[in-house]
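Single-structure report; data block below.
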Amino acid sequence: MRRCIPLLVFATACSGVGADLTIHSDVDLDRVELFVATAYCVDPDHKDEINPCTEGVGWTPSMSRPAGEIFHMKDPLVIVTELANPRTAEIRLEVAESFEPITIAIVGYANGVPVVGAELRDVSIPVNTAEHWRIDLVDVGIADDSTAAPAPGAPQQRVHTWARRNHGAEYVGCAVYQTWHGDRWKSRYYGPDQDPDCDDHELECDEYWFDRSIGSTQGCLFDRRLNFDGGCRVGVSGCVDGMPAMEGCAVGDITQPIHCFDDALCEACAGAANLEACAIDELKRSSIAGFECRFTPDSTFLPCQVKQTVAIHLPDGCLGGDQLRLRRLEDDPLGLSTAGDTFIILNGVSFHGRVEADSGTCKLLLEWEGGSAANFQDAYLMADVWYPMRHLFTPVHIEFTSPAECSSISAATDCTTRGRAYTIADTNCM
């Protein structure tokens, strides 16, 4: 029997009038869902305009938000059709006289992924009579923020749907339906009127962007010594969905590892307009604790030993060989976007960093792996010693001495501390 959906709670339930929908697909489906928009998005500051909400809805923080119209759905329950067979779905929609849907998106799923769809625009569902509508679903791709034209033979429509956080499967989620219009993609968005981005946050940076963060999510320094537990750390500023508005720099997501530096970096750069530029400059100064590492080549500018090793002692235990990550200081001084690697190439010379246990003590090893030092200039790298919930950062200055006879050079030389007696524990980030 065809399922009947009264679209308003005060509509006469299943009275025999309305629209009988028979929905066809050329592929087998396991679910067909209807997103029934009942209202335009209207910005509170532009109440006289029909639909000024044209900026679209962001469905993931990591991508841009394609502009497009936004439509609201009043009914909190998801509308799922009955499948008469794997390629046919049936449903009856009924409305009251004072009610008209604006637009309906129909999405067919196979193995939980949208594969076919259709949009019904300027919908008019009969109130006093019954009509039968046949709807043929077309192939759809997966919606994204790409503006490129579809490839030859690729779908001209794209769809993405996402569930409403902290709500069961019986509640409607959100959807974006994109259609190619010859020179651009046109996006139309469907979401609950009380939570149009489906992230279930009461405190919102942007109510039309899922888990939105505005400003820097890991882009400021704050001095934890002011709160009696010490250390210079990277924090967050700006606005993050689900968190109170911030003033200055504050603790970020407590479930994520913290980034720790020498206290002197906070003193020098905490209020800098360009934090990265300040950090690069300061981390090269002797006022910021770090390490000086010198290697000696022979007369051919190759290492005197196959692997010349320098040891940096680590007082807080060993986790494994890849616990030390290296990267060029200029690339990402605060470790905000670069994970680093155990290998690094500086001025044509390759280095390898690793962690080893030595007589009950953990130490970091920096090894010359290869390359000629003929054209090597002084270089800085950032050493990242990671633990499960923290990263300890320290700058390392590398230089080469004048060529010497290898017989006079020891196999390994300790790096020296710079600026003051220093261990990584001085970050107070334990």
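Each chain in the structure tokens gets a letter, A, B and so on, in the order shown; residues start at 1 in every chain, and ligands are counted from 1 in the order they appear.
Those residues that approach Cys260 in chain A to within 8 Å, counting only C-alpha atoms, are Gly231, Cys232, Arg233, Val234, Arg390, His391, Leu392, Phe393, Thr427 and Cys429 of chain A; same-chain residues fewer than 4 positions away are not listed.
Counting only C-alpha atoms, Asp139 in chain A has the following residues at most 7 Å away, ignoring those fewer than 3 positions along the same chain: A:Val115, A:Val116, A:Gly117, A:Pro155.
Excluding His132 in chain A and any residue on its chain fewer than 2 positions from it, the residues at most 12 Å away by only C-alpha atoms are Arg2, Gly16, Val17, Gly18, Ala19, Asp20, Leu21, Thr22, Ile23, Glu90, Ile91, Arg92, Leu93, Ile125, Pro126, Thr129, Ala130, Arg134 and Ile135 of chain A.
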Item checked: Residues near Leu326 in chain A, cut-off 8 Å, only C-alpha atoms, skip fewer than 6 positions along chain, as a VMD selection string -> chain A and resid 340 to 344 353 381 to 384
Next item on the list: Have a look at A:Tyr380, A:Phe351, A:Tyr177, A:Tyr189 and name the one nearest to Thr54 in chain A; count only C-alpha atoms.
Entry: A:Tyr189
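In terms of minimum interatomic distance to Lys186 in chain A, A:Ser146 ranks closest within A:Ala289, A:Trp133, A:Ser146, A:Glu94, counting only C-alpha atoms.
Counting only C-alpha atoms and comparing A:Gly182, A:Tyr171, A:Arg158, A:Gln194, the residue that lies closest to Ala39 in chain A is A:Gln194.
Among the candidate residues A:Val176, A:Ala272, A:Ala264, A:Cys198, the one lying nearest to Ile106 in chain A is A:Val176, with distances computed using only C-alpha atoms.
Counting from CA of Met63 in chain A, the distance to CA of Ile142 in chain A is 14.1 Å.
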Check: Restricting the calculation to only C-alpha atoms, which member of A:Asp358, A:Tyr190, A:Val396, A:Ala270 is positioned closest to Leu283 in chain A?
Finding: A:Val396
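With distances restricted to only C-alpha atoms, A:Glu405 is the closest residue to Phe301 in chain A from A:Glu356, A:Glu69, A:Glu405, A:Asp195.
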Checklist line | Contact residues around Leu302 in chain A with only C-alpha atoms at 8 Å, ignoring same-chain residues under 5 positions, as a count of residues only | finding: 5
Next item on the list: Among the residues of range 223-418 of chain A, find those DSSP assigns to strand (DSSP E) from the backbone and print them as a PyMOL selection string.
Entry: chain A and resi 223+232-235+239-240+258-261+290-295+309-314+324-328+343-346+349-358+361-370+379-387+390-400+416-418
Margin query: I need the alpha helix (DSSP H) residues of range 279-355 of chain A per DSSP on the backbone, written as a PyMOL selection string.
Written below: chain A and resi 279-283
Keeping N, CA and C atoms for every residue in the selection just given, could you write it to a file as a tab-separated table (two decimals), in the first residue's frame?
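Output saved as result18.tsv:
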```tsv
chain	number	residue	atom	x	y	z
A	279	ALA	N	57.87	34.39	14.70
A	279	ALA	CA	58.42	33.14	15.21
A	279	ALA	C	59.68	32.74	14.44
A	280	ILE	N	59.66	32.88	13.11
A	280	ILE	CA	60.85	32.54	12.32
A	280	ILE	C	62.03	33.40	12.74
A	281	ASP	N	61.79	34.68	12.90
A	281	ASP	CA	62.86	35.60	13.28
A	281	ASP	C	63.39	35.29	14.67
A	282	GLU	N	62.48	35.11	15.63
A	282	GLU	CA	62.90	34.91	17.01
A	282	GLU	C	63.56	33.56	17.24
A	283	LEU	N	63.09	32.53	16.56
A	283	LEU	CA	63.64	31.19	16.76
A	283	LEU	C	65.08	31.08	16.26
```
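Interatomic distance, CA of Arg325 in chain A to CA of Thr417 in chain A: 19.1 Å.
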Next item on the list: Pick out the residues sitting within 8 Å of Asn111 in chain A, and hand them over as a PyMOL selection string; count only C-alpha atoms, and ignore anything fewer than 2 positions along from it in its own chain.
Entry: chain A and resi 29-30+109+113
Given the selection you just returned, output its residues as a file containing C-alpha atoms, formatted as a PDB file, in the first residue's frame.
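Result written to again.pdb:
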```pdb
ATOM      1  CA  LEU A  29      18.208   1.460  -4.684  1.00  0.00           C
ATOM      2  CA  ASP A  30      18.046   0.685  -0.983  1.00  0.00           C
ATOM      3  CA  TYR A 109      20.739   5.843  -2.342  1.00  0.00           C
ATOM      4  CA  VAL A 113      25.596   6.755  -1.212  1.00  0.00           C
TER       5      VAL A 113
END
```
